[in-house]
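A.B. asks: Just passing along the structure, written as structure tokens.
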Amino acid sequence: DTSIDTFTHFLQKCKGRKVEHFVKISFLHNDEYRNQVPFCKFHFQCDDLLEQAPKTSRISYTILATSHLMTTPLLTQGEGLTKDHKYVTASYGMGIDYVSPNDVADAAMVVLLDRKAHRNKVYNLTARKPITDRKVAQQLSEAYGTPIEHVELGYHDYVDSMKARNVPSWVSRDAAAFEKMKASGIDEDAHNYYPDLEQLIGRKPESFLDYLTNEKSQRPGKKFAPKPSDFETVSKGGKPVEAQ
């Protein structure tokens with residue numbers, strides 16, 4: 001409730017400052033996610049407020065409602081991937097709708113450059129098809145140039161693993177709720193996929209491997225992941241170690 005109050009106050013300030021257009025990133029508009037994941041509920045409440053704004057102000061909006069961003073495992077499991085070489089999930093082998101943040105950024109630029117055409121619209125940005133986390137681990141291994149083990153946990157064990165990472169409680173709570181939704185198979189339902197992203201950016205969305213290896217979108221001077229040449233594999237235990 002405090003967060004909603006903050007967004008309401010922010011929106012009021014924007015009205016007072018004569019802000020004309022919002023481009024808001026949200027989560028895929030789906031009632032099941034709204035009801036089960038606190039993160040989604042918050043965003044949808046903000047979206048509801050924004051959709052009412054044109055009735056009482058000159059503000060217009062475009063909401064880009066994305067499915068699971070490909071950045072998520074890198075943000076929540078970064079050290080686990082690079083140090084422990086493990087990718088931990090609780091999706092029970094179900095396909096997941098992962099979207100590249102590069103594509104979302106391109107969609108946002110399209111909207112900003114032609115606000116009139118996209119005024120007061122909600123776009124659901126999805127991939128073309130689901131991918132399993134096991135396959136994601138394989139593509140992470142390819143991008144990192146070292147084997148990444150896929151560790152599939154049950155829901156409660158996953159919750160414990162998140163808590164052990166010392167992440168903020170809300171991150172742990174929402175990550176676990178998302179895994180529970182993934183395990184339900186919701187992202188394998190063809191009805192939850194939309195053509196909006198491809199129509200906005202005028203090309204096929206990036207695959208997970210495309211995103212992982214897209215150096216043009218990375219910060220200057222930084223490497224997203226070590227190249228295969230940066231690692232060597234020792235025979236004992238087959239664990240990768242940094243080359244000296």
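Quick note on naming: the chains in the structure tokens go A, B, ... in the order shown, residues restart at 1 in each chain, and ligands are numbered from 1 in order of appearance.
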What's around stretch 148-165 of chain A at 6 Å? Count only C-alpha atoms, leave out sequence neighbours fewer than 4 positions away in its own chain, and write the answer as JSON, numbers by chain.
C.D. replies: {"A": [85, 86, 87, 88, 89, 90, 137, 141, 172, 176]}
A.B. asks: With only C-alpha atoms as the counted atoms, please give the residues lying no more than 10 Å from stretch 57-67 of chain A, apart from itself and same-chain residues fewer than 6 positions off, as an MDAnalysis selection string.
C.D. replies: chainID A and resid 11:12 14:16 18:30 43:44 47 50:51 96:101 104:105 107:108 111:112 115:127 187 192:193 196:197
A.B. asks: Keeping only C-alpha atoms, take the residues you just selected and write them out as an mmCIF file, in the first residue's frame.
C.D. replies:
```
data_model
loop_
_atom_site.group_PDB
_atom_site.id
_atom_site.type_symbol
_atom_site.label_atom_id
_atom_site.label_comp_id
_atom_site.auth_asym_id
_atom_site.auth_seq_id
_atom_site.Cartn_x
_atom_site.Cartn_y
_atom_site.Cartn_z
ATOM 1 C CA LEU A 11 1.495 10.701 -10.703
ATOM 2 C CA GLN A 12 -0.109 13.741 -9.084
ATOM 3 C CA CYS A 14 3.495 14.693 -12.942
ATOM 4 C CA LYS A 15 0.038 16.119 -13.573
ATOM 5 C CA GLY A 16 1.087 19.322 -11.835
ATOM 6 C CA LYS A 18 2.209 19.096 -17.138
ATOM 7 C CA VAL A 19 3.829 15.795 -18.097
ATOM 8 C CA GLU A 20 2.214 14.762 -21.370
ATOM 9 C CA HIS A 21 3.110 11.130 -21.913
ATOM 10 C CA PHE A 22 4.188 8.095 -19.899
ATOM 11 C CA VAL A 23 5.953 5.056 -21.304
ATOM 12 C CA LYS A 24 5.731 2.544 -18.482
ATOM 13 C CA ILE A 25 7.328 -0.898 -18.309
ATOM 14 C CA SER A 26 5.047 -3.376 -16.575
ATOM 15 C CA PHE A 27 4.554 -7.125 -16.367
ATOM 16 C CA LEU A 28 2.489 -9.109 -18.852
ATOM 17 C CA HIS A 29 -1.178 -8.408 -18.211
ATOM 18 C CA ASN A 30 -2.476 -11.725 -16.966
ATOM 19 C CA HIS A 43 2.519 -3.049 -11.283
ATOM 20 C CA PHE A 44 -1.040 -3.743 -12.375
ATOM 21 C CA ASP A 47 -1.183 0.564 -14.555
ATOM 22 C CA LEU A 50 -2.167 5.406 -15.181
ATOM 23 C CA GLU A 51 -5.015 4.283 -17.427
ATOM 24 C CA ILE A 96 9.114 -20.119 -19.839
ATOM 25 C CA ASP A 97 8.294 -16.960 -21.772
ATOM 26 C CA TYR A 98 11.581 -15.019 -21.611
ATOM 27 C CA VAL A 99 11.894 -11.630 -23.338
ATOM 28 C CA SER A 100 15.074 -9.726 -24.204
ATOM 29 C CA PRO A 101 15.408 -6.321 -22.512
ATOM 30 C CA VAL A 104 11.842 -4.008 -24.876
ATOM 31 C CA ALA A 105 14.172 -1.000 -25.143
ATOM 32 C CA ALA A 107 9.928 -1.088 -28.452
ATOM 33 C CA ALA A 108 10.135 1.849 -26.057
ATOM 34 C CA VAL A 111 6.775 4.426 -28.949
ATOM 35 C CA LEU A 112 8.709 7.541 -27.918
ATOM 36 C CA ARG A 115 3.710 8.905 -29.294
ATOM 37 C CA LYS A 116 0.516 9.802 -31.134
ATOM 38 C CA ALA A 117 0.279 6.398 -32.825
ATOM 39 C CA HIS A 118 0.710 4.563 -29.514
ATOM 40 C CA ARG A 119 -1.258 6.861 -27.221
ATOM 41 C CA ASN A 120 -3.288 5.187 -24.462
ATOM 42 C CA LYS A 121 -2.398 1.662 -25.525
ATOM 43 C CA VAL A 122 -1.183 -1.423 -23.683
ATOM 44 C CA TYR A 123 1.166 -3.809 -25.481
ATOM 45 C CA ASN A 124 1.898 -7.317 -24.247
ATOM 46 C CA LEU A 125 5.507 -8.077 -25.116
ATOM 47 C CA THR A 126 6.246 -11.786 -25.303
ATOM 48 C CA ALA A 127 8.665 -14.169 -26.948
ATOM 49 C CA ASP A 187 3.812 -19.932 -20.017
ATOM 50 C CA ASN A 192 -0.474 -16.049 -23.528
ATOM 51 C CA TYR A 193 1.691 -15.145 -26.529
ATOM 52 C CA ASP A 196 2.846 -7.004 -30.250
ATOM 53 C CA LEU A 197 6.632 -7.040 -29.768
#
```
A.B. asks: Need the shell around A:Glu206: protein/DNA/RNA residues with any atom at most 7 Å away, counting only C-alpha atoms. Skip same-chain ones fewer than 4 positions apart. Format as an MDAnalysis selection string?
C.D. replies: chainID A and resid 100 103 210:211
A.B. asks: Would you put the residues from that selection into a file with N, CA, C and O atoms, as an mmCIF file, in the first residue's frame?
C.D. replies:
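The resulting file, selection.cif, is shown below:
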```cif
data_model
loop_
_atom_site.group_PDB
_atom_site.id
_atom_site.type_symbol
_atom_site.label_atom_id
_atom_site.label_comp_id
_atom_site.auth_asym_id
_atom_site.auth_seq_id
_atom_site.Cartn_x
_atom_site.Cartn_y
_atom_site.Cartn_z
ATOM 1 N N SER A 100 13.821 -10.481 -24.265
ATOM 2 C CA SER A 100 15.074 -9.726 -24.204
ATOM 3 C C SER A 100 14.810 -8.273 -23.829
ATOM 4 O O SER A 100 13.973 -7.611 -24.435
ATOM 5 N N ASP A 103 15.043 -5.908 -26.765
ATOM 6 C CA ASP A 103 13.836 -5.761 -27.578
ATOM 7 C C ASP A 103 12.838 -4.813 -26.913
ATOM 8 O O ASP A 103 12.172 -4.030 -27.582
ATOM 9 N N ASP A 210 20.889 -15.077 -28.335
ATOM 10 C CA ASP A 210 21.124 -13.790 -29.005
ATOM 11 C C ASP A 210 21.386 -12.700 -27.976
ATOM 12 O O ASP A 210 22.304 -11.897 -28.120
ATOM 13 N N TYR A 211 20.554 -12.687 -26.945
ATOM 14 C CA TYR A 211 20.700 -11.668 -25.905
ATOM 15 C C TYR A 211 22.028 -11.815 -25.170
ATOM 16 O O TYR A 211 22.737 -10.823 -24.940
#
```
A.B. asks: Run DSSP on the backbone and give me the residues of stretch 85-221 of chain A it puts in helix (DSSP H, G or I), as a ChimeraX atom specification.
C.D. replies: /A:101-113,115-118,133-144,155-164,169-183,186-188,190-192,196-201,208-212,215-217
A.B. asks: For A:Pro38, find every residue with an atom within 8 Å (counting only C-alpha atoms), except residues of its own chain fewer than 3 positions away, and show them as a PyMOL selection string.
C.D. replies: chain A and resi 34-35+41-42+174+177
A.B. asks: Can you pull out every residue from stretch 38-166 of chain A that DSSP, working from the backbone, puts in strand (DSSP E or B), and format the result as a PyMOL selection string?
C.D. replies: chain A and resi 60-66+68-69+86-89+95-96+98-99+121-125+131-132+149-152
A.B. asks: Could you save the residues just selected, with N, CA, C and O atoms, as a tab-separated table (two decimals), in the first residue's frame?
C.D. replies:
```
chain	number	residue	atom	x	y	z
A	60	SER	N	-1.15	11.20	-21.33
A	60	SER	CA	-1.45	9.97	-22.08
A	60	SER	C	-0.39	8.94	-21.70
A	60	SER	O	0.58	9.26	-21.02
A	61	TYR	N	-0.56	7.72	-22.13
A	61	TYR	CA	0.34	6.66	-21.70
A	61	TYR	C	0.50	5.61	-22.79
A	61	TYR	O	-0.33	5.46	-23.69
A	62	THR	N	1.59	4.88	-22.67
A	62	THR	CA	1.78	3.62	-23.38
A	62	THR	C	2.39	2.66	-22.36
A	62	THR	O	3.41	2.97	-21.73
A	63	ILE	N	1.75	1.53	-22.16
A	63	ILE	CA	2.24	0.54	-21.21
A	63	ILE	C	2.83	-0.64	-21.99
A	63	ILE	O	2.16	-1.24	-22.84
A	64	LEU	N	4.09	-0.92	-21.72
A	64	LEU	CA	4.77	-2.06	-22.32
A	64	LEU	C	4.82	-3.17	-21.28
A	64	LEU	O	5.65	-3.13	-20.36
A	65	ALA	N	3.90	-4.09	-21.39
A	65	ALA	CA	3.77	-5.16	-20.39
A	65	ALA	C	4.57	-6.37	-20.87
A	65	ALA	O	4.17	-7.06	-21.80
A	66	THR	N	5.70	-6.61	-20.22
A	66	THR	CA	6.61	-7.66	-20.68
A	66	THR	C	6.47	-8.93	-19.86
A	66	THR	O	6.10	-8.89	-18.69
A	68	HIS	N	8.72	-12.46	-18.59
A	68	HIS	CA	9.96	-12.58	-17.82
A	68	HIS	C	11.16	-12.05	-18.61
A	68	HIS	O	11.43	-12.52	-19.72
A	69	LEU	N	11.87	-11.09	-18.06
A	69	LEU	CA	13.04	-10.55	-18.73
A	69	LEU	C	14.22	-11.51	-18.60
A	69	LEU	O	14.42	-12.14	-17.57
A	86	LYS	N	26.30	-22.62	-11.32
A	86	LYS	CA	25.00	-23.25	-11.13
A	86	LYS	C	23.88	-22.27	-11.45
A	86	LYS	O	23.96	-21.09	-11.13
A	87	TYR	N	22.84	-22.80	-12.10
A	87	TYR	CA	21.64	-22.03	-12.40
A	87	TYR	C	20.49	-22.74	-11.70
A	87	TYR	O	20.12	-23.85	-12.06
A	88	VAL	N	19.95	-22.09	-10.67
A	88	VAL	CA	18.98	-22.73	-9.78
A	88	VAL	C	17.56	-22.27	-10.12
A	88	VAL	O	17.29	-21.06	-10.15
A	89	THR	N	16.65	-23.22	-10.36
A	89	THR	CA	15.27	-22.89	-10.68
A	89	THR	C	14.32	-23.85	-9.96
A	89	THR	O	14.75	-24.85	-9.37
A	95	GLY	N	8.11	-24.83	-19.93
A	95	GLY	CA	8.61	-23.78	-20.80
A	95	GLY	C	8.31	-22.41	-20.21
A	95	GLY	O	7.26	-22.20	-19.62
A	96	ILE	N	9.25	-21.46	-20.40
A	96	ILE	CA	9.11	-20.12	-19.84
A	96	ILE	C	9.15	-19.09	-20.97
A	96	ILE	O	9.88	-19.23	-21.94
A	98	TYR	N	10.53	-15.98	-21.90
A	98	TYR	CA	11.58	-15.02	-21.61
A	98	TYR	C	11.69	-14.00	-22.74
A	98	TYR	O	11.69	-14.36	-23.92
A	99	VAL	N	11.81	-12.72	-22.37
A	99	VAL	CA	11.89	-11.63	-23.34
A	99	VAL	C	13.21	-10.87	-23.15
A	99	VAL	O	13.63	-10.62	-22.02
A	121	LYS	N	-2.36	3.07	-25.12
A	121	LYS	CA	-2.40	1.66	-25.52
A	121	LYS	C	-1.55	0.81	-24.58
A	121	LYS	O	-0.57	1.30	-24.00
A	122	VAL	N	-1.94	-0.44	-24.46
A	122	VAL	CA	-1.18	-1.42	-23.68
A	122	VAL	C	-0.71	-2.51	-24.64
A	122	VAL	O	-1.52	-3.09	-25.38
A	123	TYR	N	0.60	-2.76	-24.64
A	123	TYR	CA	1.17	-3.81	-25.48
A	123	TYR	C	1.70	-4.93	-24.60
A	123	TYR	O	2.42	-4.68	-23.62
A	124	ASN	N	1.36	-6.15	-24.94
A	124	ASN	CA	1.90	-7.32	-24.25
A	124	ASN	C	3.10	-7.84	-25.03
A	124	ASN	O	2.94	-8.33	-26.16
A	125	LEU	N	4.26	-7.71	-24.43
A	125	LEU	CA	5.51	-8.08	-25.12
A	125	LEU	C	5.95	-9.47	-24.67
A	125	LEU	O	6.34	-9.67	-23.52
A	131	ILE	N	10.82	-21.41	-23.62
A	131	ILE	CA	12.08	-22.15	-23.54
A	131	ILE	C	12.22	-22.67	-22.12
A	131	ILE	O	11.85	-21.99	-21.16
A	132	THR	N	12.70	-23.90	-21.97
A	132	THR	CA	12.86	-24.45	-20.63
A	132	THR	C	14.11	-23.90	-19.97
A	132	THR	O	15.06	-23.47	-20.63
A	149	GLU	N	25.74	-25.76	-14.47
A	149	GLU	CA	24.86	-26.85	-14.05
A	149	GLU	C	23.46	-26.32	-13.76
A	149	GLU	O	23.29	-25.33	-13.04
A	150	HIS	N	22.45	-26.99	-14.32
A	150	HIS	CA	21.07	-26.63	-14.00
A	150	HIS	C	20.63	-27.40	-12.77
A	150	HIS	O	20.58	-28.62	-12.76
A	151	VAL	N	20.28	-26.67	-11.71
A	151	VAL	CA	19.84	-27.29	-10.46
A	151	VAL	C	18.35	-27.03	-10.30
A	151	VAL	O	17.92	-25.89	-10.13
A	152	GLU	N	17.56	-28.09	-10.40
A	152	GLU	CA	16.10	-27.98	-10.30
A	152	GLU	C	15.67	-28.33	-8.88
A	152	GLU	O	15.86	-29.46	-8.42
```
A.B. asks: Here is a test: counting only C-alpha atoms, which residue of A:Thr146, A:Gln45, A:Thr213, A:Ser184 is nearest to A:Glu32?
C.D. replies: A:Ser184
A.B. asks: Which of these, A:Ser91, A:Ser217, A:Thr82, A:Thr6, has the shortest distance to A:Gly145 once you count only C-alpha atoms?
C.D. replies: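 Of all the options, A:Thr82 lies closest to A:Gly145.
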A.B. asks: So, counting only C-alpha atoms, which residue among A:Leu75, A:Phe208, A:Asn102, A:Asp84 is closest to A:Gln138?
C.D. replies: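 Under the stated criterion, the closest residue is A:Phe208.
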A.B. asks: Under the rule that only C-alpha atoms are counted, which of A:Gly93, A:Gly80, A:Pro54, A:Pro73 is the nearest residue to A:Gly185?
C.D. replies: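 Closest to A:Gly185 of all the choices is A:Gly93.
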A.B. asks: Taking into account only C-alpha atoms, which residue in the set A:Asp114, A:Glu142, A:Asp189, A:Asp106 is nearest to A:Pro205?
C.D. replies: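 Checking each candidate against A:Pro205, we get A:Asp106 as the closest.
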A.B. asks: Quick one, how far is atom CA of A:Pro195 from atom CA of A:Arg128?
C.D. replies: 8.0 Å
A.B. asks: For a quick check of understanding, using only C-alpha atoms, which of A:Trp170, A:Leu49, A:Lys216, A:Cys40 has the smallest distance to A:Phe7?
C.D. replies: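 Counting only C-alpha atoms, the residue closest to A:Phe7 is A:Leu49.
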